[in-house]
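**Student:** Handing you a structure now.
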Amino acid sequence: MSGINQWYERIDFSDDVSLIREKYVAKWLRCNIWHVRGREFDLLIDTGMGLRPLKAEIVQLTEKPVKVISTHCHFDHIGGAHEFDCRLGHKLEAEIHRNPTMENTATTGFVRAETFKALPYDGFIAEDYFVKPAPLTGYLDEGDVIDLGNRHFQVLHLPGHSPGSIALYEKRTRLLFSGDVIYDGQLYDTVYHSDKVIYRESLNRLKTLNVGTIHAGHDASFDKQRMLELINDYLAGNKVIGDPAAWVQTQLSS
Ligand SMILES: [Zn+2]
């Protein structure tokens, strides 16, 4: 199979938000890349696997400067970050952005030939995939506010899935960009640096948030009612990826 031109697809949402997806990466693996338009600059929340140039796509969508927000350091979220000049994330994961490895970006086991419906370019070999270093150019932490001029995103530090997981919350629109803290699927609390106890605290905290729509790191967007169901389900011991290798196998055969 040869390389493919239309690697990314875009879906527009209300509130000047667009979703960009890697069309040919398996649905259960690919991350949601969120483009949020603002008056002074735009945000790009996560950057996918970095298999094809992303910046070239974004410059077609906006003339504004773009700040990349890394919700956390896993390979499916930070692969395209190196193309951008401004890269913000939590300090606790700075070292991983600086020196990404198969292990510390949780790549091992997930990237295999079967996870692609088409090759990103001729000669692509899944086993050779790696994340390019993209050191953070600034840090974000609990309480910080990202001011786009006409809209303001509050940074929530919600560790557990990973130590430096952050979410962005906009009070006016009640939008939440949650990264992998919560998404409409089986949650993942067994990454090498996950902490299940702290994760529960983060999820309990989310339950109290006055949120309307959640744009997550994976899968479809959902409302607060669905968020509460997902969280309660997880807290009851369901909806969780136990052994990732076994889980990947199930996804591949389904
Ligand atoms: Zn993750």
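Within each chain, counting starts at residue 1; across the structure tokens, chains are named A, B, ... in the order shown, with ligands numbered 1 upward in that order.
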Show me which residues sit within 10 Å of ligand 1 when counting only C-alpha atoms and all ligand atoms, and put them as a list of chain:residue names.

**Tutor:**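 Written in the requested form, the residues are A:Cys31, A:Thr71, A:His72, A:Cys73, A:His74, A:Phe75, A:Asp76, A:His77, A:Ile78, A:Thr105, A:Ala106, A:Thr107, A:His161, A:Ser162, A:Ser165, A:Gly179, A:Asp180, A:Val181, A:Leu187, A:Tyr188, A:Asp189, A:Val191, A:Ser194, A:Gly217, A:His218.
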
**Student:** Go ahead and write the residues just picked, C-alpha atoms, as a PDB file, in the first residue's frame.

**Tutor:**
```
ATOM      1  CA  CYS A  31      -6.088  10.645  19.443  1.00  0.00           C
ATOM      2  CA  THR A  71      -2.438  17.256  27.537  1.00  0.00           C
ATOM      3  CA  HIS A  72       0.130  14.602  28.455  1.00  0.00           C
ATOM      4  CA  CYS A  73       3.199  12.886  27.047  1.00  0.00           C
ATOM      5  CA  HIS A  74       1.870   9.675  25.453  1.00  0.00           C
ATOM      6  CA  PHE A  75       2.985   8.979  21.880  1.00  0.00           C
ATOM      7  CA  ASP A  76      -0.457   9.282  20.289  1.00  0.00           C
ATOM      8  CA  HIS A  77      -0.798  12.856  21.641  1.00  0.00           C
ATOM      9  CA  ILE A  78       2.629  14.456  21.114  1.00  0.00           C
ATOM     10  CA  THR A 105       5.756   7.640  25.858  1.00  0.00           C
ATOM     11  CA  ALA A 106       3.870   4.324  26.288  1.00  0.00           C
ATOM     12  CA  THR A 107       4.431   3.414  22.642  1.00  0.00           C
ATOM     13  CA  HIS A 161      -3.509   8.493  33.908  1.00  0.00           C
ATOM     14  CA  SER A 162      -0.111  10.186  33.839  1.00  0.00           C
ATOM     15  CA  SER A 165      -2.135  15.186  32.727  1.00  0.00           C
ATOM     16  CA  GLY A 179      -7.073  14.656  27.219  1.00  0.00           C
ATOM     17  CA  ASP A 180      -6.989  11.083  28.477  1.00  0.00           C
ATOM     18  CA  VAL A 181      -8.323  11.888  31.950  1.00  0.00           C
ATOM     19  CA  LEU A 187      -9.977   4.120  30.681  1.00  0.00           C
ATOM     20  CA  TYR A 188      -6.294   3.417  31.050  1.00  0.00           C
ATOM     21  CA  ASP A 189      -4.778   3.425  34.525  1.00  0.00           C
ATOM     22  CA  VAL A 191       0.583   2.930  32.177  1.00  0.00           C
ATOM     23  CA  SER A 194      -0.218   5.860  36.257  1.00  0.00           C
ATOM     24  CA  GLY A 217      -8.459  12.804  23.921  1.00  0.00           C
ATOM     25  CA  HIS A 218     -10.144   9.878  22.177  1.00  0.00           C
TER      26      HIS A 218
END
```

**Student:** Mind listing the helix (DSSP H, G or I) residues of stretch 3-248 of chain A, per DSSP on the backbone, as a ChimeraX atom specification?

**Tutor:** /A:55-58,75-78,81-83,91-98,113-115,126-128,196-207,224-235,244-248

**Student:** Find the residue from A:Val66, A:Met49, A:Leu158, A:Ile11 that sits nearest to A:Phe130; use only C-alpha atoms when measuring.

**Tutor:**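 Going through A:Val66, A:Met49, A:Leu158, A:Ile11 one by one, the smallest distance to A:Phe130 is for A:Met49.
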
**Student:** So which residues touch stretch 92-100 of chain A within 6 Å, counting only C-alpha atoms, skipping near sequence neighbours fewer than 6 positions away, as an mmCIF file with N, CA and C atoms, in the first residue's frame?

**Tutor:**
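The resulting file, result-v1.cif, is shown below:
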```cif
data_model
loop_
_atom_site.group_PDB
_atom_site.id
_atom_site.type_symbol
_atom_site.label_atom_id
_atom_site.label_comp_id
_atom_site.auth_asym_id
_atom_site.auth_seq_id
_atom_site.Cartn_x
_atom_site.Cartn_y
_atom_site.Cartn_z
ATOM 1 N N PRO A 133 11.787 14.241 19.694
ATOM 2 C CA PRO A 133 11.843 15.145 20.846
ATOM 3 C C PRO A 133 11.204 16.494 20.520
ATOM 4 N N ALA A 134 10.451 17.013 21.468
ATOM 5 C CA ALA A 134 9.820 18.332 21.309
ATOM 6 C C ALA A 134 9.747 18.948 22.706
ATOM 7 N N PRO A 135 10.892 19.445 23.205
ATOM 8 C CA PRO A 135 10.916 19.988 24.570
ATOM 9 C C PRO A 135 9.847 21.058 24.761
ATOM 10 N N GLY A 164 1.449 14.259 34.728
ATOM 11 C CA GLY A 164 1.286 15.659 34.305
ATOM 12 C C GLY A 164 0.073 15.868 33.426
#
```

**Student:** Considering only C-alpha atoms, give me a table of residues in stretch 107-176 of chain A that are at most 12 Å from stretch 224-242 of chain A, with the closest atom pair and distance in Å for each, as a Markdown table.

**Tutor:**
```
| residue | atom | partner | partner_atom | distance |
| --- | --- | --- | --- | --- |
| A:His161 | CA | A:Val240 | CA | 11.5 |
| A:Arg174 | CA | A:Lys224 | CA | 10.0 |
| A:Leu175 | CA | A:Lys224 | CA | 10.3 |
| A:Leu176 | CA | A:Lys224 | CA | 10.0 |
```

**Student:** Go through A:Arg37, A:Phe153, A:Glu142, A:Asn104 one by one, measure the shortest atom-to-atom distance of each to A:Lys64 using only C-alpha atoms, and give the residue with the smallest value.

**Tutor:**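 The shortest atom-to-atom distance to A:Lys64 comes from A:Arg37.
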
**Student:** If you run DSSP on the backbone here, which positions in stretch 29-121 of chain A get strand (DSSP E)? Please write them as a ChimeraX atom specification.

**Tutor:** /A:33-36,42-45,66-69,86-89

**Student:** Point out the residue among A:Thr137, A:Thr108, A:Thr173, A:Thr115 with the least atom-to-atom distance to A:Asn150, counting only C-alpha atoms.

**Tutor:** A:Thr173

**Student:** Using only C-alpha atoms, which of A:Pro53, A:Gly48, A:Pro65, A:Gly123 sits nearest A:Leu148?

**Tutor:**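 The answer is A:Pro65, which sits nearest to A:Leu148.
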
**Student:** Select, from A:Lys23, A:Ile146, A:Phe110, A:His193, the residue with the minimum atom-to-atom distance to A:Lys67, counting only C-alpha atoms.

**Tutor:**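 Nearest candidate to A:Lys67 out of A:Lys23, A:Ile146, A:Phe110, A:His193: A:Ile146.
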
**Student:** With distances taken over only C-alpha atoms, which of A:Val36, A:Ala245, A:Val111, A:Ala81 is nearest to A:Asp15?

**Tutor:**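 Closest to A:Asp15, using only C-alpha atoms: A:Val36.
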
**Student:** Go ahead and compute the interatomic distance for atom CA of A:Trp7 and atom CA of A:Glu22, in Å to one decimal.

**Tutor:**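 Taking atom CA of A:Trp7 and atom CA of A:Glu22, their separation equals 5.9 Å.
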
**Student:** Which residues, written as a PyMOL selection string, have at least one atom at most 12 Å from A:Asp219, with only C-alpha atoms counted and residues fewer than 3 positions away on the same chain left out?

**Tutor:** chain A and resi 19-21+26-33+178-180+182-187+214-216+222

**Student:** Please report the interatomic distance between atom CA of A:Thr213 and atom CA of A:Asp46 in Å with one decimal.

**Tutor:** 17.9 Å

**Student:** Do you have the atom CA of A:Gln249-atom CA of A:Glu127 distance handy?

**Tutor:** 16.7 Å

**Student:** List the spatial neighbours of A:Val155 as a ChimeraX atom specification - criterion: any atom at most 12 Å away, only C-alpha atoms, same-chain residues fewer than 4 positions off excluded.

**Tutor:** /A:69-71,88-90,139-147,164-171,176-179
